[in-house]
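S.K.: Got a structure for you, written out below as structure tokens; questions coming shortly.
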Amino acid sequence: MTVPVGDARLVSELDAKMGLELLELTAERVVGRMPVQGNTQPFGLWHGGASCVLAETLASLGSYAHGRLERVGVGIDLNATHHRPARSGWVTGTATALHLGRSVVSYEVVLTDDAGERVCTARVTCQMVAAQPPLGEPSESQSSPR
């Protein structure tokens with residue numbers, strides 16, 4: 001399933017605060033990027049936590065595309081190896097599906113700087129669960145007459 005990357009529902013409040021730009025979204029491959037500026041640790045380097053946010057976001061969106069609106073992925077495992085710092089520009093993440101199952105999906109996420117140098121490698125596993133309406137919206141059982 002290819003999902004339109006301009007769909008504002010796909011970007012969470014955290015993603016918006018961090019400046020996420022979603023560039024490509026299918027179940028098999030997700031690409032997005034975040035600016036280094038505003039996402040640094042006190043020494044001016046790209047924050048390792050920002051790498052984890054970007055990696056988990058991309059994998060979660062890929063699992064959303066895989067679930068075809070009936071199931072969504074929630075992160076259950078994340079590991080990240082930080083290879084080198086980024087000081088400016090953008091960090092781009094490419095999540096590639098390793099396993100697309102009914103109950104579990106896994107992605108390898110490679111983050112690179114503007115020079116194409118690998119900043120981080122992450123692996124994210126998501127549990128596929130039944131889709132729920134967003135908080136504050138009634139579910140079908142709550143909104144339909146009895």
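Each chain of the structure tokens is named A, B, ... in the order shown, its residues numbered from 1; ligands are numbered from 1 in display order.
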Using only C-alpha atoms, what does the table of range 63-123 of chain A residues within 10 Å of range 9-22 of chain A look like, with each row giving the shortest atom pair and its distance in Å to one decimal, sorted by chain and ascending number, as CSV?
M.R.:
residue,atom,partner,partner_atom,distance
A:Tyr64,CA,A:Leu10,CA,9.2
A:Val91,CA,A:Leu20,CA,9.9
A:Thr92,CA,A:Glu21,CA,9.2
A:Gly93,CA,A:Leu22,CA,9.7
S.K.: If you keep C-alpha atoms, can you produce a file of those selected residues as a JSON list (two decimals), in the first residue's frame?
M.R.:
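Listed below is the output, part.json:
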[["chain", "number", "residue", "atom", "x", "y", "z"],
["A", 64, "TYR", "CA", 0.86, 1.56, 9.29],
["A", 91, "VAL", "CA", 19.67, 13.64, 8.82],
["A", 92, "THR", "CA", 17.80, 11.40, 6.40],
["A", 93, "GLY", "CA", 16.42, 8.03, 7.43]]
S.K.: Which neighbours of range 78-83 of chain A fall inside 10 Å, counting only C-alpha atoms, when residues of the same chain fewer than 4 positions from it are skipped, and could you give them as a list of chain:residue names?
M.R.: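 The filter keeps A:His47, A:Gly48, A:Gly49, A:Ser51, A:Cys52, A:Val53, A:Ala55, A:Glu56, A:Ala59, A:Ser106, A:Tyr107, A:Glu108, A:Val109, A:Val110, A:Leu111, A:Thr112, A:Glu117, A:Arg118, A:Val119, A:Cys120, A:Thr121, A:Ala122, A:Arg123, A:Val124, A:Thr125, A:Cys126.
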S.K.: Looking at A:Leu25, A:Ala65, A:Ala95, A:Gly89, which one is nearest to Gln37 in chain A, with distances taken over only C-alpha atoms?
M.R.: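 Using only C-alpha atoms, Gln37 in chain A sits closest to A:Gly89.
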S.K.: As a list in words, please: every residue in range 3-85 of chain A that DSSP puts in helix (DSSP H, G or I).
M.R.: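 Answer for range 3-85 of chain A, restricted to helix (DSSP H, G or I): Ala8, Arg9, Leu10, Glu13, Leu14, Asp15, Ala16, Lys17, Met18, Gly48, Gly49, Ala50, Ser51, Cys52, Val53, Leu54, Ala55, Glu56, Thr57, Leu58, Ala59, Ser60, Leu61, Gly62, Ser63, Tyr64, Ala65, His66 and Gly67 of chain A.
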S.K.: Next, dump the selected residues to file, keeping only N, CA and C atoms, as a compact mmCIF listing (two decimals), in the first residue's frame.
M.R.:
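File selection-v4.txt, as written:
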# COMPACT_ATOMS: atom_id res chain seq x y z
N ALA A 8 -1.56 14.87 6.70
CA ALA A 8 -1.15 15.48 7.97
C ALA A 8 -1.39 14.55 9.16
N ARG A 9 -2.32 13.59 9.02
CA ARG A 9 -2.59 12.66 10.13
C ARG A 9 -1.41 11.75 10.42
N LEU A 10 -0.47 11.67 9.50
CA LEU A 10 0.68 10.78 9.68
C LEU A 10 1.78 11.40 10.53
N GLU A 13 2.58 15.15 16.98
CA GLU A 13 3.04 16.42 17.54
C GLU A 13 4.55 16.41 17.75
N LEU A 14 5.10 15.29 18.22
CA LEU A 14 6.55 15.19 18.42
C LEU A 14 7.28 15.32 17.09
N ASP A 15 6.80 14.62 16.08
CA ASP A 15 7.42 14.68 14.76
C ASP A 15 7.42 16.11 14.22
N ALA A 16 6.30 16.81 14.41
CA ALA A 16 6.20 18.20 13.95
C ALA A 16 7.19 19.09 14.69
N LYS A 17 7.31 18.92 16.00
CA LYS A 17 8.25 19.72 16.80
C LYS A 17 9.69 19.49 16.35
N MET A 18 9.98 18.27 15.92
CA MET A 18 11.35 17.93 15.51
C MET A 18 11.61 18.25 14.04
N GLY A 48 21.39 11.72 19.98
CA GLY A 48 21.11 10.31 19.75
C GLY A 48 19.64 9.98 19.91
N GLY A 49 18.96 10.70 20.81
CA GLY A 49 17.52 10.49 20.98
C GLY A 49 16.75 10.90 19.74
N ALA A 50 17.25 11.89 19.02
CA ALA A 50 16.61 12.30 17.76
C ALA A 50 16.73 11.18 16.74
N SER A 51 17.87 10.49 16.73
CA SER A 51 18.03 9.33 15.84
C SER A 51 16.97 8.28 16.16
N CYS A 52 16.75 8.04 17.43
CA CYS A 52 15.77 7.03 17.84
C CYS A 52 14.35 7.45 17.48
N VAL A 53 14.03 8.74 17.66
CA VAL A 53 12.71 9.23 17.26
C VAL A 53 12.50 9.05 15.76
N LEU A 54 13.48 9.44 14.98
CA LEU A 54 13.36 9.32 13.52
C LEU A 54 13.22 7.85 13.11
N ALA A 55 14.04 6.98 13.67
CA ALA A 55 13.99 5.56 13.32
C ALA A 55 12.65 4.94 13.69
N GLU A 56 12.18 5.18 14.91
CA GLU A 56 10.92 4.56 15.32
C GLU A 56 9.74 5.14 14.56
N THR A 57 9.77 6.42 14.27
CA THR A 57 8.70 7.03 13.49
C THR A 57 8.60 6.41 12.11
N LEU A 58 9.73 6.27 11.42
CA LEU A 58 9.71 5.70 10.07
C LEU A 58 9.21 4.26 10.08
N ALA A 59 9.68 3.46 11.04
CA ALA A 59 9.23 2.06 11.13
C ALA A 59 7.74 1.99 11.46
N SER A 60 7.28 2.84 12.35
CA SER A 60 5.86 2.84 12.71
C SER A 60 4.99 3.22 11.52
N LEU A 61 5.44 4.19 10.73
CA LEU A 61 4.68 4.57 9.54
C LEU A 61 4.68 3.45 8.50
N GLY A 62 5.80 2.75 8.36
CA GLY A 62 5.84 1.61 7.45
C GLY A 62 4.88 0.51 7.90
N SER A 63 4.81 0.29 9.21
CA SER A 63 3.89 -0.73 9.71
C SER A 63 2.44 -0.29 9.51
N TYR A 64 2.19 1.02 9.58
CA TYR A 64 0.86 1.56 9.29
C TYR A 64 0.47 1.24 7.85
N ALA A 65 1.39 1.47 6.92
CA ALA A 65 1.12 1.15 5.52
C ALA A 65 0.89 -0.35 5.33
N HIS A 66 1.66 -1.16 6.05
CA HIS A 66 1.52 -2.62 5.97
C HIS A 66 0.16 -3.07 6.52
N GLY A 67 -0.31 -2.42 7.58
CA GLY A 67 -1.57 -2.81 8.22
C GLY A 67 -2.81 -2.42 7.44
S.K.: Using CA of Val129 in chain A and CA of Gly32 in chain A as the two end points, give the distance in Å to one decimal.
M.R.: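 These atoms are spaced 23.7 Å apart.
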S.K.: Residues within 9 Å of Ser88 in chain A, please, as a list in words. Count only C-alpha atoms; anything in the same chain fewer than 4 positions from it doesn't count.
M.R.: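 Here the answer would be Pro35, Val36, Gln37, Gly44, Leu45, Trp46, Asp113 and Asp114 of chain A.
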